[in-house]
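The structure under discussion appears below in the form of structure tokens.
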Amino acid sequence: MSKIMIITEKPTAAKKIAEALDEKGSPKEVQKRKASYFECSRNNDILIVVYALGHLFELKQTEPGWKYPRLDTEWVPKYEVIKKDKSSKPLINLMNKLAKDIDQFIVATDYDIEGSLIGYLSLVYACNAEPNKATRMIFSTLTKKDIVESYESPSSLDFPMIDAGQVRHEVDWLYGINLTRALTLSVKNVAGWFKIISTGRVQGPTLSFVAKRDYDINVYVPTPFWGIKIIGEYEGTKLEIEFEKKKIETLLDADNIVKDLRNTSATIKAINRRKRTQSPPSPFNLSGLQSEAYRHFGFKPSRTLALAQKLYLDALISYPRTSSQKIPESIDVKQILKNLETRKKYSAEAKQILKIEKLIPKQGEKTDPAHPAIHPTGNKPTRRLTPSENKLYDLIVRRFFALFGEPAVKESIRADLVSGKHKMYLRGLRIIEYGWMRYYKPYAYTKEKEIPSIIEGESLSLTSIEREDKFTSPPARYNPSSLLKVLERKNLGTKSTRSGIVDSLRSRGYTLNDTFEISTLGYATLDTLETYVPRVLSIEFTRHLEEEMGQIQDGAQRREEVLAEAKRDLLTLLKTFKEQEKEIGQALVAGLQRYWKAKEELGPCPACEDGTLIIIKSPKTGKRFVGCTNYREKKCEQTFALPQKGIITPLEKECPHCGHIMFQVRSGRRKWETCVNWTECPGRQEDIQELEKRRKQRSEKKEDKK
Amino acid sequence: MECIVCGKETEEEKKYCKYHGEAHSKLYETYERWREARPISWKEYLDEVYERDETGKWVREIIDHIMQ
């Protein structure tokens with residue numbers, strides 16, 4: 001009889017693993033002060049299943065002082081670095097105590113870089129165990145079958161993966177901490193303010209290309225062009241006809257075309273029919289899922305990841321942090337479909353697919369040696385899923401169904417029409433075979449456009465010819481999903497870190513909203529870095545590091561060499577920085593002043609027309625309101641009420657109802673636009689009544705509870 | 001020198017910072033394209049560009065400044 005410790009990453013995973021491995025399926029949860037573990041038995045062995053809560057150990061500088069450069073680090077318990085952290089100490093102490101009489105250690109954290117590192121650090125620093133003697137459970141779903149199989153045939157620890165994880169943390173720490181301190185101290189030394197100005201190995205380049213897009217939009221001047229809108233008629237049916245040129249450069253040309261086509265007819269010169277088959281989409285990897293969830297539900301990538309993680313811990317889907325678009329043969333797709341068939345919601349589609357003789361799912365291009373593509377396990381939820389979890393789960397299940405569908409067949413028809421010297425097109429589209437689209441409803445959608453049966457040589461009368469005045473548009477702003485795709489394409493960050501980087505631009509104040517409009521602080525930081533230390537913004541520089549870290553994982557590079565090179569480069573960078581610290585600080589201080597001003601200034605005062613409306617916090621009540629800058633000189637007493645909750649961002653537009661200046665309020669996930677005159681504005685009275693109704697209902701509910 | 005639109009520091013002897021400088025150049029360059037497309041005076045051009053949603057915010061600030 002042996003005593004075996006299994007180290008997992010989260011309490012939910014620990015419970016699932018303990019339940020799967022316990023012979024009776026009911027492990028004992030042992031509570032020890034503020035931590036717990038699961039105890040179970042299997043094959044006469046006692047299994048102790050412990051859990052971390054993500055990382056229990058963090059990097060800390062070995063030399064003291066909030067200074068730079070600081071290049072040497074060590075792993076220490078998280079609570080030593082993050083003083084507010086209360087959860088890591090009891091867990092580390094528990095692991096340490098339990099590890100004393102353990103015969104064998106098994107790491108069962110997520111099988112990826114982060115998971116392997118969490119397992120390794122817990123093993124070495126919390127359990128004082130010998131990593132070479134420990135084994136590894138590798139699984140992609142938390143189903144009983146996968147857990148038992150991985151327990152019965154464990155592997156050794158993946159040391160290249162652990163090294164890659166360590167070096168990623170070390171390099172990110174070195175760059176993030178040193179550069180952020182350099183920027184922050186430059187401001188402190190110039191103005192005496194302590195305001196964290198952050199940048200990092202990936203954050204800098206990300207800010208750089210988000211700003212490039214913002215710049216292109218801000219200097220954009222639209223130019224006019226014209227289109228021709230043509231409506232034809234064939235046997236009483238009105239038809240939309242496309243002019244051969246979508247963009248006509250001059251007004252004169254557009255007017256001449258209209259003149260030429262008015263009161264004429266067009267002859268059908270040729271009819272082209274083209275059948276196009278569309279293969280099923282690829283299985284989901286994480287970025288594919290994030291992109292599709294944003295498209296259909298508007299979920300930010302970080303939210304999709306968090307929801308998918310919950311579904312994984314409930315053993316409803318496979319491990320979501322994967323790059324793979326492949327469903328390997330080892331996955332029993334038939335059994336998954338059979339399980340889904342038992343669920344009313346998916347029964348019809350699953351039944352249909354199970355009739356297929358050979359169940360071969362569509363495979364994508366991308367691979368990941370650690371995990372397959374995201375797919376459902378077929379398990380039934382054991383709790384009521386939230387509406388958001390339900391949406392994501394449905395998307396994953398229906399995409400899985402679509403993999404087994406036949407290609408969809410679409411027919412496009414184009415009739416070439418001629419009137420005088422001008423050509424036009426009549427286009428139609430119909431779906432001949434729905435194939436996989438049938439299973440991927442409502443997420444696969446094609447708008448069909450029917451056209452009547454026409455014959456070459458026939459004529460259509462052109463009943464309406466109109467000139468359309470149009471303007472060119474600036475490039476589209478990024479959204480969280482498109483930015484994530486760009487990061488992936490440029491090989492910046494990893495599948496696990498990208499969504500956090502996207503969010504950090506906002507939380508650091510560098511962008512103003514989800515469309516990644518750069519703030520004055522963002523531009524100030526960017527300008528400063530571009531002028532004095534442009535390497536921090538270089539995509540090539542960080543991509544080179546990224547490639548080297550990838551090579552460590554493949555066993556082609558040594559961790560120590562990559563780390564030494566990164567330190568050398570950083571030292572050179574910091575030396576350049578130090579030499580120009582004063583200039584950098586001055587530039588940032590000027591930028592910060594503009595940023596704070598922009599955040600509190602709403603626009604000209606409508607009462608005195610001389611002052612500026614600014615957001616003021618009452619020193620007496622602590623409440624905020626809008627007042628005029630001329631108030632102090634007693635020249636203007638104009639004030640407006642402000643909502644007390646949420647972040648206020650001035651908008652450069654006027655209220656369509658009363659003409660007052662507008663602003664945006666963002667509170668939690670809700671955001672809305674209103675004007676400074678919102679309490680009196682004639683266009684907002686309904687909103688106020690609605691608000692009062694909601695308040696009343698809330699207070700009534702509170703009363704009822706009492 | 002300070003940018004006459006936003007007060008940011010400019011490169012020596014320049015009226016505008018690099019952002020408003022670029023917006024200013026674009027505004028003048030594009031006027032030629034507008035004139036090729038249809039007859040329009042400078043004043044009408046500025047009014048129309050200012051009103052368009054597609055116009056960048058720095059371009060609008062430059063127009064504000066020119067109009068003043």
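In the structure tokens, the first chain shown is A, the next is B, and so on; residue numbers restart at 1 for each chain, and ligands run from 1 in the order shown.
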
Kindly determine which residues of chain B lie within 10 Å of chain A, considering only C-alpha atoms, and give the answer as JSON, numbers by chain.
{"B": [6, 7, 8, 9, 19, 20, 21, 22, 23, 24, 25, 26, 27, 28, 29, 30, 31, 33, 34, 35, 36, 37, 38, 39, 48, 49, 50, 52, 53, 54, 55, 56, 57, 58, 59, 60]}

Spatial neighbours of Met1 of chain B, 10 Å, only C-alpha atoms, chain gap at least 2 places, as a list of chain:residue names
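Result of the neighbour search: B:Cys3, B:Ile4, B:Gly7, B:Lys8, B:Glu9, B:Thr10, B:Glu11, B:Glu12, B:Glu13, B:Lys14, B:Lys15, B:Tyr16, B:Cys17.
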
Using N, CA and C atoms, can you export the residues from the last selection as a short mmCIF file (atom, residue, chain, number, x, y, z; two decimals), in the first residue's frame?
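The resulting selection.cif:
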data_model
loop_
_atom_site.label_atom_id
_atom_site.label_comp_id
_atom_site.auth_asym_id
_atom_site.auth_seq_id
_atom_site.Cartn_x
_atom_site.Cartn_y
_atom_site.Cartn_z
N CYS B 3 2.41 73.20 -30.23
CA CYS B 3 1.42 73.03 -31.29
C CYS B 3 0.27 74.03 -31.04
N ILE B 4 -0.12 74.76 -32.08
CA ILE B 4 -1.13 75.80 -31.87
C ILE B 4 -2.53 75.19 -31.69
N GLY B 7 -1.18 72.22 -27.99
CA GLY B 7 -0.21 72.64 -26.99
C GLY B 7 0.94 71.66 -26.77
N LYS B 8 0.91 70.54 -27.56
CA LYS B 8 2.00 69.58 -27.44
C LYS B 8 3.27 70.18 -28.04
N GLU B 9 4.42 69.69 -27.57
CA GLU B 9 5.66 70.23 -28.08
C GLU B 9 5.83 69.88 -29.57
N THR B 10 6.35 70.82 -30.36
CA THR B 10 6.53 70.53 -31.79
C THR B 10 8.00 70.43 -32.11
N GLU B 11 8.28 69.90 -33.30
CA GLU B 11 9.68 69.91 -33.74
C GLU B 11 10.01 71.36 -34.08
N GLU B 12 11.27 71.72 -34.03
CA GLU B 12 11.68 73.12 -34.15
C GLU B 12 10.99 73.88 -35.30
N GLU B 13 10.56 75.07 -35.00
CA GLU B 13 9.98 76.00 -35.97
C GLU B 13 8.68 75.54 -36.61
N LYS B 14 8.10 74.45 -36.12
CA LYS B 14 6.85 73.99 -36.73
C LYS B 14 5.65 74.47 -35.93
N LYS B 15 4.53 74.73 -36.67
CA LYS B 15 3.34 75.24 -36.01
C LYS B 15 2.56 74.14 -35.29
N TYR B 16 2.64 72.93 -35.89
CA TYR B 16 1.83 71.83 -35.39
C TYR B 16 2.69 70.69 -34.84
N CYS B 17 2.11 69.91 -33.92
CA CYS B 17 2.76 68.68 -33.46
C CYS B 17 2.70 67.68 -34.62
#

Write out as a VMD selection string which residues come within 12 Å of Leu185 of chain A when counting only C-alpha atoms, dropping same-chain ones fewer than 2 positions away.
chain A and resid 66 to 69 177 to 183 187 to 198 577 to 578 581 to 582 584 to 586 588 to 589

Restricting it to N, CA and C atoms, dump the selection as a short mmCIF file (atom, residue, chain, number, x, y, z; two decimals), in the first residue's frame.
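Saved the output as result.cif:
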data_model
loop_
_atom_site.label_atom_id
_atom_site.label_comp_id
_atom_site.auth_asym_id
_atom_site.auth_seq_id
_atom_site.Cartn_x
_atom_site.Cartn_y
_atom_site.Cartn_z
N TRP A 66 12.91 49.49 -4.79
CA TRP A 66 12.06 49.73 -5.96
C TRP A 66 12.87 50.56 -6.94
N LYS A 67 13.86 49.89 -7.56
CA LYS A 67 14.80 50.57 -8.46
C LYS A 67 14.98 49.73 -9.71
N TYR A 68 15.74 50.24 -10.63
CA TYR A 68 16.13 49.43 -11.79
C TYR A 68 17.58 49.71 -12.11
N PRO A 69 18.32 48.81 -12.71
CA PRO A 69 17.89 47.46 -13.10
C PRO A 69 17.90 46.49 -11.92
N ILE A 177 8.85 44.59 -15.15
CA ILE A 177 9.22 45.29 -13.91
C ILE A 177 10.22 46.42 -14.18
N ASN A 178 11.28 46.09 -14.91
CA ASN A 178 12.33 47.10 -15.10
C ASN A 178 11.86 48.28 -15.94
N LEU A 179 11.15 48.01 -17.03
CA LEU A 179 10.72 49.11 -17.90
C LEU A 179 9.63 49.95 -17.21
N THR A 180 8.72 49.27 -16.50
CA THR A 180 7.66 50.01 -15.81
C THR A 180 8.29 50.90 -14.72
N ARG A 181 9.24 50.35 -14.01
CA ARG A 181 9.91 51.17 -12.97
C ARG A 181 10.65 52.34 -13.59
N ALA A 182 11.32 52.07 -14.71
CA ALA A 182 12.07 53.14 -15.37
C ALA A 182 11.13 54.28 -15.75
N LEU A 183 9.98 53.93 -16.35
CA LEU A 183 9.02 54.96 -16.78
C LEU A 183 8.44 55.68 -15.56
N VAL A 187 8.94 59.84 -14.14
CA VAL A 187 7.89 60.81 -13.82
C VAL A 187 8.08 61.31 -12.38
N LYS A 188 8.38 60.37 -11.49
CA LYS A 188 8.53 60.74 -10.08
C LYS A 188 9.70 61.72 -9.90
N ASN A 189 10.79 61.43 -10.60
CA ASN A 189 11.96 62.29 -10.44
C ASN A 189 11.76 63.69 -11.02
N VAL A 190 10.87 63.80 -12.02
CA VAL A 190 10.62 65.12 -12.63
C VAL A 190 9.55 65.89 -11.86
N ALA A 191 8.42 65.21 -11.58
CA ALA A 191 7.28 65.95 -11.02
C ALA A 191 6.96 65.58 -9.57
N GLY A 192 7.57 64.53 -9.08
CA GLY A 192 7.30 64.09 -7.71
C GLY A 192 6.02 63.26 -7.59
N TRP A 193 5.35 62.94 -8.73
CA TRP A 193 4.12 62.13 -8.66
C TRP A 193 4.46 60.66 -8.77
N PHE A 194 3.67 59.85 -8.08
CA PHE A 194 3.86 58.41 -8.24
C PHE A 194 2.67 57.86 -9.01
N LYS A 195 2.84 57.72 -10.31
CA LYS A 195 1.77 57.18 -11.16
C LYS A 195 2.41 56.07 -11.99
N ILE A 196 1.87 54.85 -11.82
CA ILE A 196 2.46 53.72 -12.54
C ILE A 196 2.25 53.89 -14.04
N ILE A 197 3.36 53.92 -14.78
CA ILE A 197 3.29 53.95 -16.25
C ILE A 197 3.89 52.62 -16.70
N SER A 198 3.04 51.76 -17.19
CA SER A 198 3.55 50.41 -17.45
C SER A 198 3.82 50.16 -18.93
N PHE A 577 18.09 54.27 -21.49
CA PHE A 577 16.97 54.93 -20.80
C PHE A 577 17.50 55.87 -19.72
N LYS A 578 18.39 55.34 -18.91
CA LYS A 578 18.92 56.10 -17.77
C LYS A 578 19.55 57.41 -18.24
N GLU A 581 16.78 59.87 -18.86
CA GLU A 581 15.66 59.77 -17.92
C GLU A 581 14.90 61.09 -17.73
N LYS A 582 15.65 62.19 -17.67
CA LYS A 582 15.01 63.49 -17.41
C LYS A 582 14.08 63.88 -18.56
N ILE A 584 12.73 61.92 -20.75
CA ILE A 584 11.61 60.97 -20.80
C ILE A 584 10.55 61.37 -19.77
N GLY A 585 11.03 61.68 -18.56
CA GLY A 585 10.12 62.08 -17.48
C GLY A 585 9.33 63.32 -17.87
N GLN A 586 10.01 64.31 -18.45
CA GLN A 586 9.32 65.56 -18.83
C GLN A 586 8.25 65.28 -19.87
N LEU A 588 6.64 62.51 -20.39
CA LEU A 588 5.52 61.76 -19.79
C LEU A 588 4.67 62.66 -18.89
N VAL A 589 5.31 63.54 -18.17
CA VAL A 589 4.57 64.45 -17.29
C VAL A 589 3.63 65.33 -18.12
#

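Nearest residue to Val5 of chain B, choosing from B:His65, B:Lys18, B:Trp42, B:Glu51 and counting only C-alpha atoms: B:His65.
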
Which value, in Å to one decimal, gives the distance between atom CA of Leu340 of chain A and atom CA of Tyr434 of chain A?
21.8 Å

So which residues of chain B fall under helix (DSSP H, G or I) by DSSP, listed as an NGL selection string?
:B and (18-37 or 42-51 or 57-67)

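Proximity to Glu488 of chain A was assessed for A:Ala444, A:Ile455, A:Leu573, A:Val202 counting only C-alpha atoms; the smallest distance is recorded for A:Val202.
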
Would you list the contacts of Val502 of chain A as a list of chain:residue names, taking every protein, DNA or RNA residue within 8 Å and counting only C-alpha atoms, but skipping same-chain residues closer than 6 positions in sequence?
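Near Val502 of chain A, the qualifying residues are A:Pro480, A:Leu483, A:Leu484.
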
List the neighbours of Ser140 of chain A out to 6 Å using only C-alpha atoms; skip same-chain residues closer than 2 positions along the sequence, and give me the result as a list in words.
Ser318, Tyr319 and His371 of chain A

Using only C-alpha atoms, which residues sit within 10 Å of segment 300-311 of chain A once same-chain residues fewer than 3 positions away are excluded, as a VMD selection string?
chain A and resid 12 286 to 287 289 to 295 297 314 to 321 374 376 381 385 to 386 388 to 393 396 479 to 484 495 to 503 514

One decimal, Å: what's the distance from atom CA of Ile688 of chain A over to atom CA of His657 of chain A, could you say?
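Atom CA of His657 of chain A lies 14.6 Å from atom CA of Ile688 of chain A.
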
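Rounded to one decimal, atom CA of Ala408 of chain A and atom CA of Ala373 of chain A lie 22.3 Å from each other.
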
List as a VMD selection string the protein and nucleic acid residues near Glu242 of chain A, meaning an atom at most 12 Å away when only C-alpha atoms are counted, but skip any in the same chain fewer than 2 places from it.
chain A and resid 227 to 232 239 to 240 244 to 247 414 to 418 422 to 428 462 465 to 466
